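Student: Okay, so here is work_31.tsv, and as you'll see once you scroll down, it has TSV, C-alpha atoms and all ligand atoms.
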```
chain	number	residue	atom	x	y	z
A	5	MET	CA	-17.52	-62.51	69.82
A	6	ARG	CA	-19.11	-60.50	72.61
A	7	GLN	CA	-22.61	-59.31	71.77
A	8	PRO	CA	-22.88	-55.59	72.59
A	9	LEU	CA	-25.23	-54.66	75.42
A	10	ILE	CA	-26.99	-51.31	75.53
A	11	ALA	CA	-28.56	-50.73	78.93
A	12	GLY	CA	-30.76	-47.82	79.95
A	13	ASN	CA	-30.53	-46.68	83.56
A	14	TRP	CA	-33.63	-44.57	84.06
A	15	LYS	CA	-32.65	-43.69	87.64
A	16	MET	CA	-35.56	-42.21	89.65
A	17	ASN	CA	-37.50	-40.86	86.68
A	18	GLY	CA	-40.81	-41.52	85.00
A	19	SER	CA	-44.48	-42.16	85.69
A	20	SER	CA	-46.69	-45.02	84.58
A	21	GLN	CA	-47.82	-42.92	81.66
A	22	SER	CA	-44.40	-41.66	80.57
A	23	ILE	CA	-42.95	-45.17	80.85
A	24	SER	CA	-45.61	-46.57	78.52
A	25	GLU	CA	-44.87	-43.85	75.99
A	26	LEU	CA	-41.11	-44.26	76.29
A	27	LEU	CA	-41.26	-48.03	75.82
A	28	ASP	CA	-43.67	-47.79	72.90
A	29	GLY	CA	-41.17	-45.46	71.27
A	30	VAL	CA	-38.21	-47.73	72.02
A	31	ILE	CA	-39.87	-50.86	70.70
A	32	SER	CA	-41.17	-49.38	67.47
A	33	GLY	CA	-38.60	-49.70	64.70
A	34	LEU	CA	-35.86	-51.01	67.00
A	35	GLU	CA	-33.41	-53.05	64.97
A	36	SER	CA	-30.08	-53.73	66.57
A	37	LYS	CA	-27.67	-56.59	66.90
A	38	ALA	CA	-27.07	-55.38	70.43
A	39	GLU	CA	-28.85	-56.86	73.40
A	40	VAL	CA	-31.11	-54.08	74.73
A	41	LEU	CA	-31.97	-53.66	78.39
A	42	VAL	CA	-33.91	-51.07	80.39
A	43	CYS	CA	-33.67	-50.60	84.13
A	44	PRO	CA	-36.71	-48.69	85.42
A	45	PRO	CA	-37.38	-47.76	89.03
A	46	ALA	CA	-38.26	-51.05	90.80
A	47	ILE	CA	-41.82	-49.95	91.44
A	48	TYR	CA	-42.51	-50.06	87.69
A	49	ILE	CA	-40.89	-53.43	86.95
A	50	GLN	CA	-44.18	-55.24	86.56
A	51	GLN	CA	-45.56	-52.61	84.19
A	52	VAL	CA	-42.37	-52.71	82.15
A	53	ARG	CA	-42.46	-56.51	82.03
A	54	ASP	CA	-46.04	-56.47	80.78
A	55	ILE	CA	-45.11	-54.10	77.96
A	56	LEU	CA	-41.81	-55.74	76.99
A	57	ARG	CA	-42.64	-59.44	77.21
A	58	GLY	CA	-42.07	-61.01	73.81
A	59	THR	CA	-40.34	-57.95	72.32
A	60	GLY	CA	-36.73	-59.04	72.86
A	61	VAL	CA	-35.98	-55.96	74.98
A	62	LYS	CA	-35.00	-57.01	78.50
A	63	TRP	CA	-35.64	-55.38	81.86
A	64	GLY	CA	-33.68	-55.25	85.09
A	65	LEU	CA	-33.16	-53.46	88.39
A	66	GLN	CA	-31.01	-50.43	89.23
A	67	ASN	CA	-30.07	-51.79	92.62
A	68	VAL	CA	-30.85	-54.85	94.70
A	69	ALA	CA	-30.63	-56.20	98.23
A	70	ALA	CA	-27.92	-58.65	99.22
A	71	GLU	CA	-30.57	-60.91	100.78
A	72	THR	CA	-33.46	-62.76	99.20
A	73	LYS	CA	-36.15	-62.26	101.87
A	74	GLY	CA	-36.87	-61.30	105.44
A	75	ALA	CA	-36.82	-58.27	107.69
A	76	TYR	CA	-35.18	-55.77	105.32
A	77	THR	CA	-37.70	-52.92	105.17
A	78	GLY	CA	-37.66	-51.08	101.87
A	79	GLU	CA	-35.28	-53.39	100.05
A	80	THR	CA	-35.79	-55.17	96.71
A	81	SER	CA	-35.05	-58.89	96.62
A	82	PRO	CA	-33.18	-60.55	93.74
A	83	LEU	CA	-35.57	-63.48	94.17
A	84	MET	CA	-38.56	-61.20	93.56
A	85	ALA	CA	-36.77	-59.60	90.62
A	86	LYS	CA	-36.31	-63.06	89.16
A	87	ASP	CA	-40.00	-63.76	89.73
A	88	LEU	CA	-40.79	-60.72	87.58
A	89	GLY	CA	-38.46	-61.76	84.78
A	90	CYS	CA	-35.48	-59.51	85.47
A	91	GLU	CA	-32.35	-60.90	83.84
A	92	TYR	CA	-29.98	-58.15	84.99
A	93	ALA	CA	-29.43	-55.85	87.94
A	94	ILE	CA	-27.10	-52.87	88.17
A	95	ILE	CA	-25.00	-52.81	91.32
A	96	GLY	CA	-22.45	-50.39	92.71
A	97	HIS	CA	-23.55	-47.39	90.68
A	98	SER	CA	-21.55	-44.36	91.76
A	99	GLU	CA	-24.74	-42.68	93.02
A	100	ARG	CA	-25.29	-45.67	95.34
A	101	ARG	CA	-21.68	-45.59	96.46
A	102	THR	CA	-21.66	-41.82	97.06
A	103	LEU	CA	-25.18	-40.98	98.25
A	104	TYR	CA	-25.93	-44.22	100.12
A	105	LYS	CA	-22.40	-45.02	101.25
A	106	GLU	CA	-22.31	-48.47	99.68
A	107	THR	CA	-18.90	-50.04	100.14
A	108	ASP	CA	-17.03	-52.47	97.90
A	109	GLN	CA	-18.01	-55.18	100.39
A	110	ASP	CA	-21.71	-54.28	100.13
A	111	VAL	CA	-21.46	-54.41	96.35
A	112	ALA	CA	-19.65	-57.75	96.47
A	113	ALA	CA	-22.40	-59.21	98.69
A	114	LYS	CA	-25.05	-58.05	96.19
A	115	PHE	CA	-23.04	-59.55	93.34
A	116	CYS	CA	-22.96	-62.96	95.02
A	117	CYS	CA	-26.65	-62.90	95.90
A	118	LEU	CA	-27.58	-62.00	92.30
A	119	VAL	CA	-25.44	-64.71	90.75
A	120	ASP	CA	-26.87	-67.25	93.18
A	121	GLN	CA	-30.38	-66.29	91.98
A	122	GLY	CA	-29.43	-66.49	88.31
A	123	ILE	CA	-29.54	-62.75	87.64
A	124	THR	CA	-26.62	-61.18	85.79
A	125	PRO	CA	-24.95	-58.37	87.75
A	126	VAL	CA	-23.93	-55.19	85.95
A	127	LEU	CA	-21.10	-54.11	88.22
A	128	CYS	CA	-20.38	-50.37	88.01
A	129	VAL	CA	-16.89	-49.10	88.68
A	130	GLY	CA	-15.17	-45.79	88.06
A	131	GLU	CA	-12.99	-43.04	89.42
A	132	SER	CA	-13.76	-39.49	90.51
A	133	LEU	CA	-12.16	-36.51	88.79
A	134	GLU	CA	-9.76	-36.07	91.70
A	135	GLU	CA	-8.70	-39.70	91.51
A	136	ARG	CA	-8.11	-39.42	87.76
A	137	GLN	CA	-6.08	-36.25	88.22
A	138	ARG	CA	-3.94	-37.99	90.84
A	139	GLY	CA	-3.30	-40.80	88.34
A	140	ASP	CA	-5.21	-43.29	90.49
A	141	THR	CA	-7.84	-44.41	87.97
A	142	MET	CA	-6.73	-48.02	87.70
A	143	LYS	CA	-5.93	-48.29	91.39
A	144	VAL	CA	-9.53	-47.31	92.22
A	145	VAL	CA	-11.14	-49.47	89.54
A	146	ALA	CA	-8.97	-52.48	90.38
A	147	ALA	CA	-9.86	-52.25	94.07
A	148	GLN	CA	-13.58	-52.13	93.21
A	149	ILE	CA	-13.30	-55.19	90.98
A	150	ASP	CA	-10.86	-57.18	93.12
A	151	CYS	CA	-13.14	-57.00	96.13
A	152	VAL	CA	-15.93	-58.63	94.10
A	153	ILE	CA	-13.66	-61.29	92.58
A	154	GLU	CA	-12.31	-62.18	95.99
A	155	LYS	CA	-15.73	-62.58	97.58
A	156	ALA	CA	-17.43	-64.22	94.60
A	157	GLY	CA	-14.70	-66.71	93.73
A	158	ILE	CA	-14.03	-67.97	90.24
A	159	GLU	CA	-17.11	-70.20	90.18
A	160	ARG	CA	-19.42	-67.16	90.38
A	161	LEU	CA	-17.69	-65.29	87.56
A	162	SER	CA	-19.24	-67.12	84.64
A	163	ASP	CA	-21.82	-64.46	83.74
A	164	PHE	CA	-21.51	-60.83	84.69
A	165	VAL	CA	-21.06	-57.43	83.09
A	166	ILE	CA	-18.81	-54.56	84.13
A	167	ALA	CA	-19.80	-50.94	83.47
A	168	TYR	CA	-16.88	-48.53	83.53
A	169	GLU	CA	-18.40	-45.18	84.46
A	170	PRO	CA	-15.97	-42.37	85.22
A	171	VAL	CA	-17.82	-40.42	87.92
A	172	TRP	CA	-16.78	-37.12	86.32
A	173	ALA	CA	-18.64	-38.09	83.14
A	174	ILE	CA	-21.95	-39.17	84.70
A	175	GLY	CA	-24.72	-36.69	83.96
A	176	THR	CA	-22.20	-33.94	83.29
A	177	GLY	CA	-22.19	-33.92	79.50
A	178	LEU	CA	-18.44	-34.70	79.68
A	179	THR	CA	-17.61	-38.00	78.01
A	180	ALA	CA	-14.39	-39.94	78.20
A	181	THR	CA	-12.72	-39.88	74.79
A	182	PRO	CA	-12.78	-43.20	72.95
A	183	GLU	CA	-9.05	-43.50	73.71
A	184	GLN	CA	-9.54	-42.83	77.43
A	185	ALA	CA	-12.36	-45.38	77.57
A	186	GLN	CA	-10.39	-47.99	75.62
A	187	GLU	CA	-7.36	-47.57	77.87
A	188	VAL	CA	-9.34	-48.30	81.02
A	189	HIS	CA	-11.43	-51.06	79.41
A	190	ALA	CA	-8.30	-52.84	78.21
A	191	ALA	CA	-6.77	-52.53	81.66
A	192	ILE	CA	-9.94	-53.99	83.23
A	193	ARG	CA	-9.81	-56.92	80.80
A	194	GLY	CA	-6.17	-57.40	81.74
A	195	LEU	CA	-7.15	-57.43	85.38
A	196	LEU	CA	-9.78	-60.10	84.74
A	197	SER	CA	-7.30	-62.20	82.80
A	198	ARG	CA	-5.21	-62.53	85.95
A	199	THR	CA	-8.12	-64.57	87.33
A	200	SER	CA	-9.13	-66.31	84.12
A	201	GLU	CA	-8.43	-65.66	80.45
A	202	GLU	CA	-11.79	-67.18	79.57
A	203	VAL	CA	-13.62	-64.80	81.93
A	204	ALA	CA	-11.61	-61.86	80.55
A	205	GLN	CA	-12.52	-62.70	76.96
A	206	LYS	CA	-16.21	-63.28	77.47
A	207	THR	CA	-17.09	-60.58	80.01
A	208	ARG	CA	-18.71	-57.52	78.48
A	209	ILE	CA	-17.33	-54.18	79.62
A	210	LEU	CA	-19.75	-51.29	79.03
A	211	TYR	CA	-18.90	-47.62	78.99
A	212	GLY	CA	-21.15	-45.21	80.90
A	213	GLY	CA	-21.02	-41.46	81.37
A	214	SER	CA	-22.83	-39.11	79.01
A	215	MET	CA	-23.00	-41.64	76.20
A	216	LYS	CA	-25.35	-40.31	73.55
A	217	ALA	CA	-26.30	-40.84	69.92
A	218	ALA	CA	-23.51	-38.51	68.79
A	219	ASN	CA	-20.65	-40.33	70.52
A	220	ALA	CA	-21.92	-43.92	70.88
A	221	ALA	CA	-20.59	-45.28	67.57
A	222	GLU	CA	-16.98	-44.23	68.15
A	223	LEU	CA	-17.01	-45.46	71.76
A	224	VAL	CA	-18.49	-48.84	70.87
A	225	ALA	CA	-16.03	-49.16	67.97
A	226	GLN	CA	-13.20	-49.52	70.50
A	227	PRO	CA	-12.08	-53.14	70.76
A	228	ASP	CA	-12.75	-53.44	74.50
A	229	VAL	CA	-15.94	-51.36	74.68
A	230	ASP	CA	-18.84	-53.82	74.51
A	231	GLY	CA	-21.77	-51.43	74.79
A	232	GLY	CA	-23.04	-48.74	77.10
A	233	LEU	CA	-24.87	-47.94	80.29
A	234	ILE	CA	-26.96	-44.92	79.43
A	235	GLY	CA	-28.58	-42.51	81.89
A	236	GLY	CA	-30.04	-39.27	80.51
A	237	ALA	CA	-30.24	-40.37	76.87
A	238	SER	CA	-32.17	-43.52	77.81
A	239	LEU	CA	-35.15	-41.36	78.80
A	240	VAL	CA	-35.73	-40.20	75.22
A	241	ALA	CA	-36.89	-43.04	72.97
A	242	GLU	CA	-35.31	-41.73	69.77
A	243	ASP	CA	-31.97	-41.03	71.48
A	244	PHE	CA	-31.85	-44.43	73.15
A	245	LYS	CA	-32.75	-46.19	69.91
A	246	ALA	CA	-30.11	-44.25	68.02
A	247	ILE	CA	-27.52	-45.53	70.51
A	248	CYS	CA	-28.81	-49.11	70.06
A	249	HIS	CA	-28.51	-48.71	66.30
A	250	ALA	CA	-25.01	-47.24	66.61
A	251	ALA	CA	-23.99	-50.37	68.52
A	252	GLY	CA	-24.74	-52.62	65.58
A	301	LIG	P1	-25.51	-40.43	82.03
A	301	LIG	O1	-25.62	-41.52	83.22
A	301	LIG	O2	-25.61	-41.21	80.73
A	301	LIG	O3	-26.69	-39.52	82.25
A	301	LIG	O4	-24.21	-39.77	82.19
A	301	LIG	C1	-24.97	-42.75	83.13
A	301	LIG	C2	-25.19	-43.52	84.39
A	301	LIG	O5	-25.26	-42.92	85.48
A	301	LIG	O6	-25.32	-44.77	84.36
```
In structure tokens, what does this structure look like?
Ligand code: PGA
Tutor:
Amino acid sequence: MRQPLIAGNWKMNGSSQSISELLDGVISGLESKAEVLVCPPAIYIQQVRDILRGTGVKWGLQNVAAETKGAYTGETSPLMAKDLGCEYAIIGHSERRTLYKETDQDVAAKFCCLVDQGITPVLCVGESLEERQRGDTMKVVAAQIDCVIEKAGIERLSDFVIAYEPVWAIGTGLTATPEQAQEVHAAIRGLLSRTSEEVAQKTRILYGGSMKAANAAELVAQPDVDGGLIGGASLVAEDFKAICHAAG
């Protein structure tokens, strides 16, 4: 059985005060069988750690360098993230790929560096609206995943998460239907099983893209949807908690 994971991607939002309030709201009355994770802006990781330590809610990064230390001005090291108790880091988010021109190779390098430091990568993949309309969804998603598998090798695939986030659904209020999500998630699991059936069965595949309290339960009810990566709704404590509760 795969334990559902509900992960909040706060993106570049919040202040030290709003983060304290948000986390207080998330922690109070949270009861979920899902693993719960928040990914604040890196600058607030220490504050978030201090609030969350001992609560069961985990914290992680939204992005990470592919190196552990050295002359990389402005980057965030996986080693430092580990030092501050991060268990997860999101990589390859579509905003990173689009706005910062991150390539599949860049993402694969980050994946390897994270795994080597004992941090679980949350690898984001997904197609644009144009790609979906051309019928290229799985071609795009498979290329994004294959590049990582090739570089990482089977030995680095023991613990990672995939987040399927159709770009057309991110922050738009449009959500993939449960059937659309399930179709892609099942195809991703099929893709993983070509490398290893064990990896395919244990790897959690999250859905992301306008997941909210109102649609979370039916998405997570799909057999291959193992939780969610939540943007906008993770900034409102009651909404995020409702999603966690919908997941089990
Ligand atoms: P959204 O963002 O929930 O606001 O659509 C999801 C994401 O970008 O991870």
Student: Find the residue from A:Ile95, A:Leu34, A:Leu178, A:Ala173 that sits nearest to A:Ile149; use all atoms listed in the file when measuring.
Tutor: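 Counting all atoms listed in the file, the residue closest to A:Ile149 is A:Ile95.
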Student: For the atom pair atom CA of A:Val152 and atom CA of A:Thr176, what is the interatomic distance in Å to one decimal place?
Tutor: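 Value for the atom CA of A:Val152-atom CA of A:Thr176 distance: 27.7 Å.
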Student: Mind checking which residues fall within 8 Å of A:Cys117, counting all atoms listed in the file, ignoring those fewer than 3 positions away in the same chain, and posting them as a PyMOL selection string?
Tutor: chain A and resi 70-72+82+113-114+120-121
Student: Which residues form the shell of 10 Å around ligand LIG 301 (chain A) when you count all atoms listed in the file, given as a PyMOL selection string?
Tutor: chain A and resi 11-15+66+94+97-99+128+167-179+211-216+232-239
Student: Compile the contact shell of A:Ile123 as a list in words: residues with an atom at most 9 Å away, counting all atoms listed in the file, same-chain residues fewer than 2 positions apart removed.
Tutor: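 Those residues are Gly64, Pro82, Leu83, Ala85, Lys86, Cys90, Glu91, Tyr92, Ala93, Cys117, Leu118, Val119, Asp120, Gln121, Pro125, Asp163 and Phe164 of chain A.
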Student: Could the residues in this selection be saved with C-alpha atoms as a compact mmCIF listing (two decimals), in the coordinates of the input?
Tutor:
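And here is the file that came out, again.txt:
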```txt
# COMPACT_ATOMS: atom_id res chain seq x y z
CA GLY A 64 -33.68 -55.25 85.09
CA PRO A 82 -33.18 -60.55 93.74
CA LEU A 83 -35.57 -63.48 94.17
CA ALA A 85 -36.77 -59.60 90.62
CA LYS A 86 -36.31 -63.06 89.16
CA CYS A 90 -35.48 -59.51 85.47
CA GLU A 91 -32.35 -60.90 83.84
CA TYR A 92 -29.98 -58.15 84.99
CA ALA A 93 -29.43 -55.85 87.94
CA CYS A 117 -26.65 -62.90 95.90
CA LEU A 118 -27.58 -62.00 92.30
CA VAL A 119 -25.44 -64.71 90.75
CA ASP A 120 -26.87 -67.25 93.18
CA GLN A 121 -30.38 -66.29 91.98
CA PRO A 125 -24.95 -58.37 87.75
CA ASP A 163 -21.82 -64.46 83.74
CA PHE A 164 -21.51 -60.83 84.69
```
